[in-house]
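Dropping work_35.cif in here (mmCIF, C-alpha atoms):
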data_start
#
loop_
_atom_site.label_atom_id
_atom_site.label_comp_id
_atom_site.auth_asym_id
_atom_site.auth_seq_id
_atom_site.Cartn_x
_atom_site.Cartn_y
_atom_site.Cartn_z
CA LEU P 1 6.02 88.55 15.90
CA ARG P 2 4.19 91.37 14.17
CA ALA P 3 6.72 93.88 15.49
CA GLU P 4 9.61 91.71 14.23
CA HIS P 5 7.91 91.45 10.84
CA ASN P 6 7.37 95.20 10.59
CA ALA P 7 11.05 95.83 11.36
CA ALA P 8 12.13 93.24 8.79
CA MET P 9 9.84 94.82 6.19
CA ASP P 10 11.32 98.26 6.87
CA ASP P 11 14.82 96.84 6.30
CA TRP P 12 13.70 95.07 3.12
CA LYS P 13 12.05 98.20 1.71
CA ALA P 14 15.21 100.21 2.47
CA LEU P 15 17.30 97.97 0.19
CA PRO P 16 18.23 99.26 -3.27
CA ASP P 17 15.88 98.01 -5.99
CA ALA P 18 18.41 95.58 -7.43
CA GLU P 19 19.19 94.12 -4.00
CA GLN P 20 15.49 94.00 -3.08
CA ARG P 21 14.69 91.88 -6.14
CA LYS P 22 17.31 89.33 -5.07
CA THR P 23 16.17 89.23 -1.42
CA ALA P 24 13.14 87.24 -0.31
CA LYS P 25 10.34 89.38 1.05
CA PRO P 26 9.90 88.81 4.81
CA LYS P 27 6.90 86.66 5.79
CA LEU P 28 4.85 87.20 8.90
CA ARG P 29 5.02 84.28 11.33
CA GLN P 30 1.73 83.44 13.03
CA VAL P 31 0.78 81.90 16.32
CA ARG P 32 -2.95 82.11 15.70
CA VAL P 33 -5.27 81.92 12.71
CA ASP P 34 -8.93 82.83 12.79
CA ASN P 35 -10.96 83.37 9.63
CA VAL P 36 -9.42 80.47 7.73
CA THR P 37 -10.62 77.73 5.39
CA ILE P 38 -9.03 74.31 5.22
CA GLU P 39 -7.63 75.29 1.81
CA SER P 40 -5.87 78.39 3.14
CA LEU P 41 -4.76 76.48 6.23
CA ASN P 42 -2.98 74.03 3.94
CA ARG P 43 -0.84 76.95 2.75
CA VAL P 44 -0.09 78.25 6.25
CA ILE P 45 1.05 74.92 7.75
CA PRO P 46 4.16 74.34 5.54
CA THR P 47 5.72 77.64 6.67
CA HIS P 48 4.78 77.07 10.33
CA PRO P 49 6.26 73.68 11.31
CA ARG P 50 5.63 74.41 14.98
CA GLY P 51 1.92 74.66 14.26
CA VAL P 52 -0.75 77.31 14.78
CA ILE P 53 -3.77 77.83 17.00
CA LEU P 54 -7.25 78.24 15.57
CA GLY P 55 -9.03 80.08 18.37
CA LYS P 56 -12.76 80.70 17.99
CA ASP P 57 -14.94 82.43 20.54
CA GLU P 58 -17.90 80.74 18.84
CA LEU P 59 -17.29 77.25 17.47
CA THR P 60 -20.76 77.27 15.90
CA GLY P 61 -19.45 79.56 13.15
CA TRP P 62 -16.53 77.21 12.49
CA LEU P 63 -18.84 74.19 12.33
CA ALA P 64 -21.38 75.91 10.09
CA GLY P 65 -18.61 77.05 7.74
CA HIS P 66 -17.51 73.54 6.76
CA GLY P 67 -17.83 73.23 3.01
CA GLN P 68 -19.15 76.78 2.66
CA TYR P 69 -17.26 77.32 -0.60
CA LYS P 70 -18.37 73.96 -2.02
CA GLY P 71 -22.11 74.22 -1.57
CA GLY P 72 -21.94 72.40 1.77
CA ARG P 73 -20.53 69.29 0.09
CA GLY P 74 -16.88 69.77 0.99
CA ASP P 75 -14.73 67.43 3.06
CA ASP P 76 -13.65 70.00 5.66
CA ARG P 77 -14.76 67.87 8.62
CA GLN P 78 -12.92 64.85 7.26
CA GLN P 79 -9.73 66.88 6.85
CA TRP P 80 -9.98 68.12 10.42
CA LEU P 81 -10.31 64.48 11.52
CA GLU P 82 -7.07 63.70 9.67
CA LEU P 83 -5.29 66.68 11.22
CA TRP P 84 -6.04 65.38 14.70
CA SER P 85 -4.62 61.96 13.90
CA GLY P 86 -1.28 63.39 12.77
CA GLY P 87 1.10 62.15 10.11
CA ASP P 88 1.86 63.62 6.71
CA ILE P 89 -0.97 64.96 4.53
CA ILE P 90 -0.52 65.18 0.75
CA VAL P 91 -2.59 67.78 -1.10
CA ASN P 92 -3.02 67.40 -4.88
CA ARG P 93 -4.79 70.16 -6.78
CA VAL P 94 -5.16 70.96 -10.47
CA THR P 95 -3.88 74.46 -9.71
CA LEU P 96 -0.66 73.13 -8.14
CA ASP P 97 2.34 72.20 -10.28
CA GLU P 98 3.37 69.60 -7.70
CA PRO P 99 1.75 68.10 -4.61
CA LEU P 100 1.73 70.08 -1.37
CA ILE P 101 3.12 67.84 1.37
CA LEU P 102 2.23 68.80 4.93
CA GLU P 103 4.81 67.13 7.14
CA ASP P 104 3.48 66.37 10.64
CA PRO P 105 1.02 69.30 10.65
CA PHE P 106 0.04 70.70 14.03
CA VAL P 107 -3.11 72.76 14.54
CA CYS P 108 -4.57 73.35 17.99
CA LEU P 109 -8.30 74.08 17.84
CA THR P 110 -9.94 75.77 20.79
CA GLY P 111 -13.15 77.70 21.37
CA GLY P 112 -16.49 77.97 23.09
CA ILE P 113 -19.99 76.75 22.31
CA GLN P 114 -23.33 77.07 24.11
CA PRO P 115 -24.89 73.86 25.47
CA ASP P 116 -27.96 74.30 23.24
CA LYS P 117 -25.66 74.32 20.19
CA ALA P 118 -23.32 71.52 21.27
CA HIS P 119 -25.26 68.94 19.24
CA MET P 120 -23.77 70.55 16.12
CA MET P 121 -20.45 68.97 17.07
CA LEU P 122 -21.94 65.51 16.65
CA GLY P 123 -22.58 65.96 12.94
CA GLN P 124 -25.17 64.09 10.93
CA ASP P 125 -23.66 60.66 11.45
CA ASP P 126 -21.55 60.96 14.62
CA ASP P 127 -18.37 60.99 12.51
CA GLY P 128 -16.16 61.22 15.58
CA LEU P 129 -15.20 64.89 15.35
CA VAL P 130 -16.70 65.68 18.75
CA TYR P 131 -14.65 62.94 20.42
CA ARG P 132 -11.45 64.81 19.54
CA PHE P 133 -12.43 67.77 21.71
CA LEU P 134 -11.51 67.90 25.37
CA LEU P 135 -14.59 69.44 26.98
CA SER P 136 -14.67 71.82 29.91
CA CYS P 137 -18.05 72.96 31.22
CA PRO P 138 -17.35 74.85 34.46
CA PRO P 139 -20.22 75.94 36.70
CA ALA P 140 -21.62 79.40 36.03
CA LEU P 141 -20.59 82.23 38.32
CA ASP P 142 -23.31 83.58 40.58
CA ASP P 143 -24.49 87.15 40.04
CA GLU P 144 -22.41 88.43 42.97
CA ASN P 145 -19.12 87.27 41.39
CA ALA P 146 -20.05 87.56 37.71
CA ASP P 147 -18.02 90.74 37.18
CA SER P 148 -14.90 89.65 39.07
CA PRO P 149 -12.10 87.73 37.32
CA SER P 150 -12.47 83.98 37.79
CA VAL P 151 -8.69 83.46 37.51
CA PRO P 152 -6.38 85.45 39.84
CA ARG P 153 -4.05 87.94 38.20
CA HIS P 154 -0.87 86.21 39.38
CA THR P 155 -2.10 82.93 37.88
CA GLN P 156 -2.78 84.65 34.55
CA GLU P 157 0.71 86.15 34.57
CA ALA P 158 2.35 82.83 35.44
CA TYR P 159 0.38 81.14 32.64
CA GLU P 160 1.52 83.76 30.12
CA THR P 161 5.13 83.34 31.24
CA ALA P 162 4.87 79.56 30.82
CA CYS P 163 3.34 79.90 27.34
CA ARG P 164 6.11 82.25 26.20
CA ALA P 165 8.73 79.88 27.58
CA LEU P 166 7.12 76.92 25.81
CA TYR P 167 7.05 78.85 22.54
CA GLY P 168 10.72 79.66 23.02
CA LEU P 169 11.75 75.99 23.21
CA GLN P 170 13.95 74.81 20.38
CA GLY P 171 13.74 71.38 18.81
CA THR P 172 16.61 69.10 17.94
CA MET P 173 18.35 70.26 14.78
CA VAL P 174 18.25 67.61 12.04
CA GLY P 175 19.88 68.47 8.71
CA GLY P 176 19.78 72.16 9.48
CA HIS P 177 16.08 72.11 10.38
CA PRO P 178 14.46 71.89 13.83
CA GLY P 179 12.98 68.50 14.56
CA PRO P 180 11.00 67.14 17.50
CA VAL P 181 12.52 66.66 20.94
CA ARG P 182 12.58 63.03 22.06
CA ILE P 183 11.28 62.62 25.60
CA ARG P 184 12.74 59.72 27.56
CA LEU P 185 10.24 57.33 29.13
CA THR P 186 11.53 55.81 32.38
CA GLY P 187 10.82 52.24 33.47
CA PRO P 188 8.35 53.30 36.20
CA GLY P 189 6.88 55.79 33.73
CA ARG P 190 6.27 53.05 31.18
CA ALA P 191 4.62 50.85 33.83
CA ALA P 192 2.35 53.73 34.92
CA VAL P 193 1.38 54.50 31.30
CA VAL P 194 0.50 50.84 30.66
CA GLU P 195 -1.54 50.70 33.88
CA GLN P 196 -3.49 53.87 33.08
CA MET P 197 -4.02 52.82 29.45
CA GLN P 198 -5.44 49.49 30.60
CA ARG P 199 -7.79 51.28 32.99
CA ILE P 200 -9.16 53.38 30.12
CA ILE P 201 -9.57 50.27 27.94
CA ASN P 202 -11.39 48.38 30.70
CA GLU P 203 -13.77 51.30 31.23
CA LYS P 204 -14.36 51.55 27.48
CA ARG P 205 -15.40 47.88 27.38
CA HIS P 206 -17.72 48.17 30.38
CA PRO P 207 -21.36 47.50 29.37
CA ASP P 208 -22.63 50.43 31.44
CA LEU P 209 -20.69 53.00 29.40
CA SER P 210 -23.12 54.67 27.01
CA PRO P 211 -22.45 54.31 23.24
CA THR P 212 -22.06 58.10 22.95
CA LEU P 213 -19.10 58.02 25.32
CA ARG P 214 -17.22 55.04 23.89
CA GLY P 215 -15.75 57.26 21.19
CA TYR P 216 -14.41 59.60 23.89
CA TRP P 217 -12.81 56.77 25.81
CA ALA P 218 -11.09 55.56 22.63
CA LYS P 219 -9.51 59.00 22.19
CA PHE P 220 -8.51 59.24 25.86
CA GLU P 221 -5.92 56.54 25.19
CA ALA P 222 -4.10 58.99 22.90
CA TYR P 223 -4.81 62.01 25.10
CA LEU P 224 -3.19 60.31 28.08
CA LEU P 225 0.18 60.52 26.32
CA ARG P 226 -0.47 63.91 24.74
CA LEU P 227 -1.31 65.45 28.11
CA ALA P 228 1.70 63.75 29.72
CA ILE P 229 3.96 65.37 27.10
CA VAL P 230 2.41 68.77 27.81
CA LEU P 231 3.08 68.28 31.53
CA VAL P 232 6.67 67.18 30.93
CA GLU P 233 7.40 70.33 28.90
CA ALA P 234 5.53 72.57 31.33
CA TRP P 235 7.58 71.26 34.24
CA HIS P 236 10.71 71.67 32.12
CA VAL P 237 10.17 75.38 31.38
CA CYS P 238 8.68 76.30 34.76
CA GLU P 239 10.90 74.32 37.13
CA GLY P 240 13.95 73.53 35.00
CA VAL P 241 13.63 69.74 35.38
CA ASP P 242 14.75 67.33 32.66
CA GLU P 243 12.37 66.37 29.85
CA VAL P 244 11.62 62.90 31.20
CA MET P 245 8.29 61.11 31.41
CA ASP P 246 8.25 59.25 34.71
CA ASP P 247 5.44 57.67 36.73
CA LEU P 248 4.55 61.04 38.31
CA MET P 249 3.93 62.63 34.88
CA ALA P 250 1.84 59.63 33.76
CA GLU P 251 -0.27 59.70 36.93
CA GLN P 252 -0.83 63.46 36.70
CA ALA P 253 -1.86 63.06 33.05
CA ALA P 254 -4.32 60.35 34.18
CA THR P 255 -5.75 62.85 36.70
CA LEU P 256 -6.36 65.30 33.85
CA VAL P 257 -7.95 62.54 31.75
CA ASP P 258 -10.28 61.72 34.67
CA TYR P 259 -11.35 65.36 34.75
CA TYR P 260 -12.13 65.33 31.02
CA LYS P 261 -14.02 62.04 31.42
CA GLY P 262 -16.30 63.74 33.94
CA GLN P 263 -16.83 66.68 31.59
CA ALA P 264 -17.69 64.35 28.68
CA ILE P 265 -20.23 62.54 30.87
CA LYS P 266 -21.71 65.88 31.96
CA VAL P 267 -22.13 67.19 28.41
CA PHE P 268 -22.82 64.10 26.30
CA GLY P 269 -23.37 61.12 28.61
CA ASP P 270 -26.69 59.80 27.26
CA ARG P 271 -26.69 63.25 25.60
CA GLY P 272 -26.16 64.91 29.01
CA ILE P 273 -26.91 68.62 29.20
CA VAL P 274 -27.67 68.85 25.48
CA ALA P 275 -30.42 66.21 25.56
CA GLN P 276 -33.26 68.69 26.02
CA VAL P 277 -32.29 70.82 23.05
CA GLU P 278 -30.61 68.41 20.65
CA PRO P 279 -32.67 67.70 17.50
CA ASP P 280 -33.36 63.98 17.17
CA ARG P 281 -31.92 62.36 14.07
CA VAL P 282 -33.95 60.76 11.34
CA GLY P 283 -33.94 56.98 11.70
CA PRO P 284 -35.88 53.81 12.56
CA ARG P 285 -36.03 54.69 16.27
CA LEU P 286 -37.98 57.88 15.61
CA LEU P 287 -40.25 56.19 13.08
CA GLN P 288 -41.12 53.48 15.58
CA ARG P 289 -41.73 56.07 18.27
CA ALA P 290 -44.31 57.80 16.05
CA LEU P 291 -46.13 54.54 15.28
CA ALA P 292 -46.23 53.56 18.96
CA TRP P 293 -47.61 57.00 19.81
CA MET P 294 -50.37 56.64 17.19
CA ASP P 295 -51.23 53.17 18.49
CA ALA P 296 -51.59 54.60 21.99
CA GLY P 297 -54.66 56.69 21.20
CA HIS P 298 -53.61 59.01 18.37
CA GLU P 299 -54.72 56.95 15.38
CA VAL P 300 -55.59 60.12 13.49
CA THR P 301 -53.11 62.93 13.99
CA THR P 302 -51.33 65.77 12.22
CA LEU P 303 -47.71 66.56 11.51
CA ARG P 304 -47.97 69.42 13.97
CA ASP P 305 -49.16 67.07 16.73
CA LEU P 306 -46.39 64.61 15.93
CA MET P 307 -43.87 67.42 16.41
CA ARG P 308 -45.46 68.27 19.74
CA GLY P 309 -45.45 64.61 20.77
CA PRO P 310 -42.97 61.89 19.73
CA TRP P 311 -41.00 64.18 17.43
CA ARG P 312 -40.63 67.06 19.88
CA ASN P 313 -36.93 67.58 19.08
CA VAL P 314 -37.15 67.02 15.32
CA THR P 315 -36.80 69.83 12.81
CA GLN P 316 -39.79 70.48 10.54
CA LYS P 317 -37.82 69.50 7.44
CA ASP P 318 -36.81 66.14 8.94
CA ALA P 319 -40.32 65.56 10.30
CA ARG P 320 -41.81 65.97 6.82
CA GLU P 321 -39.28 63.54 5.36
CA MET P 322 -40.06 60.94 8.03
CA LEU P 323 -43.79 61.36 7.51
CA TRP P 324 -43.51 60.51 3.82
CA THR P 325 -41.13 57.66 4.68
CA ILE P 326 -43.59 55.88 6.96
CA GLU P 327 -46.37 56.44 4.41
CA GLY P 328 -44.17 54.88 1.75
CA ARG P 329 -43.73 51.86 4.01
CA GLY P 330 -47.50 51.43 4.12
CA GLU P 331 -47.81 52.23 7.82
CA VAL P 332 -49.98 55.37 7.55
CA ASP P 333 -52.13 57.26 5.08
CA VAL P 334 -51.23 60.92 4.68
CA LYS P 335 -53.22 63.64 3.03
CA GLU P 336 -53.09 67.39 3.05
CA GLY P 337 -55.76 68.95 5.20
CA PRO P 338 -58.01 71.92 4.41
CA ASN P 339 -55.44 74.35 5.78
CA ARG P 340 -52.38 74.72 3.59
CA GLY P 341 -49.37 72.90 5.03
CA VAL P 342 -51.38 70.75 7.47
CA HIS P 343 -50.85 67.01 6.97
CA VAL P 344 -53.36 64.57 8.46
CA CYS P 345 -52.12 61.05 9.19
CA ARG P 346 -54.22 57.93 9.76
CA ARG P 347 -52.69 54.74 11.09
CA ARG P 348 -53.26 51.80 8.78
CA ARG P 349 -54.55 48.50 10.19
#
File written out as structure tokens:
Amino acid sequence: LRAEHNAAMDDWKALPDAEQRKTAKPKLRQVRVDNVTIESLNRVIPTHPRGVILGKDELTGWLAGHGQYKGGRGDDRQQWLELWSGGDIIVNRVTLDEPLILEDPFVCLTGGIQPDKAHMMLGQDDDGLVYRFLLSCPPALDDENADSPSVPRHTQEAYETACRALYGLQGTMVGGHPGPVRIRLTGPGRAAVVEQMQRIINEKRHPDLSPTLRGYWAKFEAYLLRLAIVLVEAWHVCEGVDEVMDDLMAEQAATLVDYYKGQAIKVFGDRGIVAQVEPDRVGPRLLQRALAWMDAGHEVTTLRDLMRGPWRNVTQKDAREMLWTIEGRGEVDVKEGPNRGVHVCRRRR
């Protein structure tokens, strides 16, 4: 695309001045964006109806950057939640003469994050952003194979060929503009979709499913169809079959969903692999844990000891706030000790 743009720019620059002023300057089409804010993304989407990919090697930077130009008080996370759900988005700004309407915006977000940073995806109030990610946490390579490619070369080449073919697909022309392709759902395909959807719903309602995972299961209902569509189009470009969703496509999509269920359980099931490093959140559960710990032989303690005991995974800032909260409730007496910054707590009776 960059080569096409450069050639178009050369042609545009070669035009006489009068002709150049009457000819629109060529615009670079993008497949991927990287260092982008939600504001600038809103300007990219209207000229890229087929969508773009936001690929981040480190998702921690993307997460930490939410609201960075608004003192951390922006609504970036909320807008990403809306993007996942689909549908038109209307942007009104004082600087715009008329509203910016994003029709069916598509943004694919992909990246990596270390397990000890994965809690950042949960947010302060489990707003559901993390449930929109399909997780993949493959086992680490042993030292012997660490330097060898984990994916064979011929598989990489076949994948690249499939991606280029998918990008080359053309939508149905509606009023001179490309629109979406309608995929036919066969009778057996519909029955298989309903069966697999019901299985997800039944699992979501099961009392043994942890609260952390219920949000994932709710999103798997939508991902079942999304993944089935991806499979239909992949089979279409790779094998030349018709764009039809039958029972085979639905069942293969369910197999993918089952894989992502296992990955969600591995990473976040009862906090999974992040449990040992995830900072606990401020709330009644942690306050009660501190009081029970003091009742069990630590009637006089310090903030430092609390952070080594019941508040082991709490940040110092949050621990201080909780300490003054339980004092305000009349549960403990707090005073500053002889050493600056040391707080001594005594359980009230």
Exercise: P:Val241 partners within 12 Å, only C-alpha atoms, chain neighbours under 6 positions left out, as a PyMOL selection string: chain P and resi 231-235
Non-local contacts of stretch 126-135 of chain P (6 Å; only C-alpha atoms; under 5 positions in same chain excluded) as a list in words: Met121, Gly215, Tyr216 and Gln263 of chain P
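Residues near the point (-5.1, 67.8, -0.3), at a distance of 10 Å or less over only C-alpha atoms, make up Ile38, Glu39, Asn42, Gln79, Ile89, Ile90, Val91, Asn92, Arg93, Pro99, Leu100, Ile101 and Leu102 of chain P.
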Kindly export the residues of the current selection with C-alpha atoms, as a PDB file, in the frame of the given file.
ATOM      1  CA  ILE P  38      -9.030  74.310   5.220  1.00  0.00           C
ATOM      2  CA  GLU P  39      -7.630  75.290   1.810  1.00  0.00           C
ATOM      3  CA  ASN P  42      -2.980  74.030   3.940  1.00  0.00           C
ATOM      4  CA  GLN P  79      -9.730  66.880   6.850  1.00  0.00           C
ATOM      5  CA  ILE P  89      -0.970  64.960   4.530  1.00  0.00           C
ATOM      6  CA  ILE P  90      -0.520  65.180   0.750  1.00  0.00           C
ATOM      7  CA  VAL P  91      -2.590  67.780  -1.100  1.00  0.00           C
ATOM      8  CA  ASN P  92      -3.020  67.400  -4.880  1.00  0.00           C
ATOM      9  CA  ARG P  93      -4.790  70.160  -6.780  1.00  0.00           C
ATOM     10  CA  PRO P  99       1.750  68.100  -4.610  1.00  0.00           C
ATOM     11  CA  LEU P 100       1.730  70.080  -1.370  1.00  0.00           C
ATOM     12  CA  ILE P 101       3.120  67.840   1.370  1.00  0.00           C
ATOM     13  CA  LEU P 102       2.230  68.800   4.930  1.00  0.00           C
TER      14      LEU P 102
END
At most 9 Å is the cut-off: for each residue in stretch 206-321 of chain P with any atom that close to an atom of stretch 187-195 of chain P, write down the nearest atom pair and the distance in Å rounded to one decimal, counting all atoms listed in the file, chain first then increasing number, as CSV.
residue,atom,partner,partner_atom,distance
P:Leu224,CA,P:Val193,CA,8.1
P:Leu225,CA,P:Val193,CA,7.9
P:Val244,CA,P:Gly189,CA,8.9
P:Met245,CA,P:Gly189,CA,6.0
P:Asp246,CA,P:Gly189,CA,3.8
P:Asp247,CA,P:Gly189,CA,3.8
P:Leu248,CA,P:Gly189,CA,7.3
P:Met249,CA,P:Gly189,CA,7.5
P:Ala250,CA,P:Val193,CA,5.7
P:Glu251,CA,P:Ala192,CA,6.8
P:Ala254,CA,P:Val193,CA,8.7
Explicit residues for the PyMOL selection byres ((chain P and resi 54-66) around 6) (as a count of residues only): 12
Hey, what's within 9 Å of stretch 310-312 of chain P if we count only C-alpha atoms and toss same-chain stuff fewer than 4 positions away? As a short mmCIF file (atom, residue, chain, number, x, y, z; two decimals) with C-alpha atoms, in the frame of the given file, please?
data_model
loop_
_atom_site.label_atom_id
_atom_site.label_comp_id
_atom_site.auth_asym_id
_atom_site.auth_seq_id
_atom_site.Cartn_x
_atom_site.Cartn_y
_atom_site.Cartn_z
CA PRO P 279 -32.67 67.70 17.50
CA ASP P 280 -33.36 63.98 17.17
CA LEU P 286 -37.98 57.88 15.61
CA ARG P 289 -41.73 56.07 18.27
CA ALA P 290 -44.31 57.80 16.05
CA ALA P 292 -46.23 53.56 18.96
CA TRP P 293 -47.61 57.00 19.81
CA ASP P 305 -49.16 67.07 16.73
CA LEU P 306 -46.39 64.61 15.93
CA ALA P 319 -40.32 65.56 10.30
#
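Atom CA of P:Glu239 lies 28.8 Å from atom CA of P:Glu4.
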Among the residues P:Ser136, P:Pro211, P:Gly86, P:Val237, the one that comes closest to P:Gln170 [using all atoms listed in the file]: P:Val237
Please export stretch 173-195 of chain P as a PDB file, in the first residue's frame, restricted to N, CA and C atoms.
ATOM      1  N   MET P 173     -21.379  -4.510  -3.755  1.00  0.00           N
ATOM      2  CA  MET P 173     -21.493  -3.081  -4.066  1.00  0.00           C
ATOM      3  C   MET P 173     -22.931  -2.617  -3.826  1.00  0.00           C
ATOM      4  N   VAL P 174     -23.076  -1.591  -3.005  1.00  0.00           N
ATOM      5  CA  VAL P 174     -24.384  -1.010  -2.698  1.00  0.00           C
ATOM      6  C   VAL P 174     -24.285   0.490  -2.932  1.00  0.00           C
ATOM      7  N   GLY P 175     -25.005   0.992  -3.947  1.00  0.00           N
ATOM      8  CA  GLY P 175     -24.961   2.425  -4.230  1.00  0.00           C
ATOM      9  C   GLY P 175     -23.584   2.927  -4.585  1.00  0.00           C
ATOM     10  N   GLY P 176     -22.805   2.098  -5.241  1.00  0.00           N
ATOM     11  CA  GLY P 176     -21.465   2.511  -5.649  1.00  0.00           C
ATOM     12  C   GLY P 176     -20.408   2.346  -4.580  1.00  0.00           C
ATOM     13  N   HIS P 177     -20.798   1.825  -3.405  1.00  0.00           N
ATOM     14  CA  HIS P 177     -19.843   1.625  -2.311  1.00  0.00           C
ATOM     15  C   HIS P 177     -19.860   0.161  -1.876  1.00  0.00           C
ATOM     16  N   PRO P 178     -18.697  -0.373  -1.493  1.00  0.00           N
ATOM     17  CA  PRO P 178     -18.673  -1.774  -1.054  1.00  0.00           C
ATOM     18  C   PRO P 178     -19.386  -1.953   0.276  1.00  0.00           C
ATOM     19  N   GLY P 179     -20.248  -2.920   0.334  1.00  0.00           N
ATOM     20  CA  GLY P 179     -20.952  -3.251   1.567  1.00  0.00           C
ATOM     21  C   GLY P 179     -20.564  -4.643   2.030  1.00  0.00           C
ATOM     22  N   PRO P 180     -21.125  -5.096   3.123  1.00  0.00           N
ATOM     23  CA  PRO P 180     -20.761  -6.423   3.644  1.00  0.00           C
ATOM     24  C   PRO P 180     -21.311  -7.552   2.785  1.00  0.00           C
ATOM     25  N   VAL P 181     -20.624  -8.669   2.804  1.00  0.00           N
ATOM     26  CA  VAL P 181     -21.086  -9.879   2.138  1.00  0.00           C
ATOM     27  C   VAL P 181     -22.044 -10.604   3.095  1.00  0.00           C
ATOM     28  N   ARG P 182     -23.168 -11.041   2.583  1.00  0.00           N
ATOM     29  CA  ARG P 182     -24.115 -11.799   3.402  1.00  0.00           C
ATOM     30  C   ARG P 182     -23.773 -13.288   3.279  1.00  0.00           C
ATOM     31  N   ILE P 183     -23.564 -13.921   4.404  1.00  0.00           N
ATOM     32  CA  ILE P 183     -23.224 -15.338   4.439  1.00  0.00           C
ATOM     33  C   ILE P 183     -24.496 -16.135   4.735  1.00  0.00           C
ATOM     34  N   ARG P 184     -24.776 -17.106   3.889  1.00  0.00           N
ATOM     35  CA  ARG P 184     -25.986 -17.903   4.056  1.00  0.00           C
ATOM     36  C   ARG P 184     -25.798 -18.919   5.184  1.00  0.00           C
ATOM     37  N   LEU P 185     -26.795 -19.015   6.034  1.00  0.00           N
ATOM     38  CA  LEU P 185     -26.787 -19.969   7.144  1.00  0.00           C
ATOM     39  C   LEU P 185     -27.708 -21.123   6.777  1.00  0.00           C
ATOM     40  N   THR P 186     -27.176 -22.321   6.639  1.00  0.00           N
ATOM     41  CA  THR P 186     -27.989 -23.478   6.266  1.00  0.00           C
ATOM     42  C   THR P 186     -28.846 -23.941   7.443  1.00  0.00           C
ATOM     43  N   GLY P 187     -29.814 -24.804   7.152  1.00  0.00           N
ATOM     44  CA  GLY P 187     -30.656 -25.350   8.214  1.00  0.00           C
ATOM     45  C   GLY P 187     -29.848 -26.106   9.259  1.00  0.00           C
ATOM     46  N   PRO P 188     -29.012 -27.081   8.846  1.00  0.00           N
ATOM     47  CA  PRO P 188     -28.157 -27.765   9.829  1.00  0.00           C
ATOM     48  C   PRO P 188     -27.202 -26.804  10.528  1.00  0.00           C
ATOM     49  N   GLY P 189     -26.738 -25.778   9.795  1.00  0.00           N
ATOM     50  CA  GLY P 189     -25.855 -24.791  10.417  1.00  0.00           C
ATOM     51  C   GLY P 189     -26.561 -24.036  11.514  1.00  0.00           C
ATOM     52  N   ARG P 190     -27.805 -23.631  11.253  1.00  0.00           N
ATOM     53  CA  ARG P 190     -28.588 -22.925  12.274  1.00  0.00           C
ATOM     54  C   ARG P 190     -28.794 -23.808  13.509  1.00  0.00           C
ATOM     55  N   ALA P 191     -29.127 -25.076  13.278  1.00  0.00           N
ATOM     56  CA  ALA P 191     -29.342 -25.994  14.404  1.00  0.00           C
ATOM     57  C   ALA P 191     -28.069 -26.159  15.235  1.00  0.00           C
ATOM     58  N   ALA P 192     -26.918 -26.248  14.548  1.00  0.00           N
ATOM     59  CA  ALA P 192     -25.642 -26.399  15.265  1.00  0.00           C
ATOM     60  C   ALA P 192     -25.305 -25.143  16.049  1.00  0.00           C
ATOM     61  N   VAL P 193     -25.575 -23.951  15.468  1.00  0.00           N
ATOM     62  CA  VAL P 193     -25.322 -22.698  16.174  1.00  0.00           C
ATOM     63  C   VAL P 193     -26.164 -22.619  17.435  1.00  0.00           C
ATOM     64  N   VAL P 194     -27.464 -22.951  17.315  1.00  0.00           N
ATOM     65  CA  VAL P 194     -28.366 -22.902  18.469  1.00  0.00           C
ATOM     66  C   VAL P 194     -27.887 -23.866  19.558  1.00  0.00           C
ATOM     67  N   GLU P 195     -27.472 -25.071  19.145  1.00  0.00           N
ATOM     68  CA  GLU P 195     -27.004 -26.071  20.112  1.00  0.00           C
ATOM     69  C   GLU P 195     -25.755 -25.583  20.845  1.00  0.00           C
TER      70      GLU P 195
END
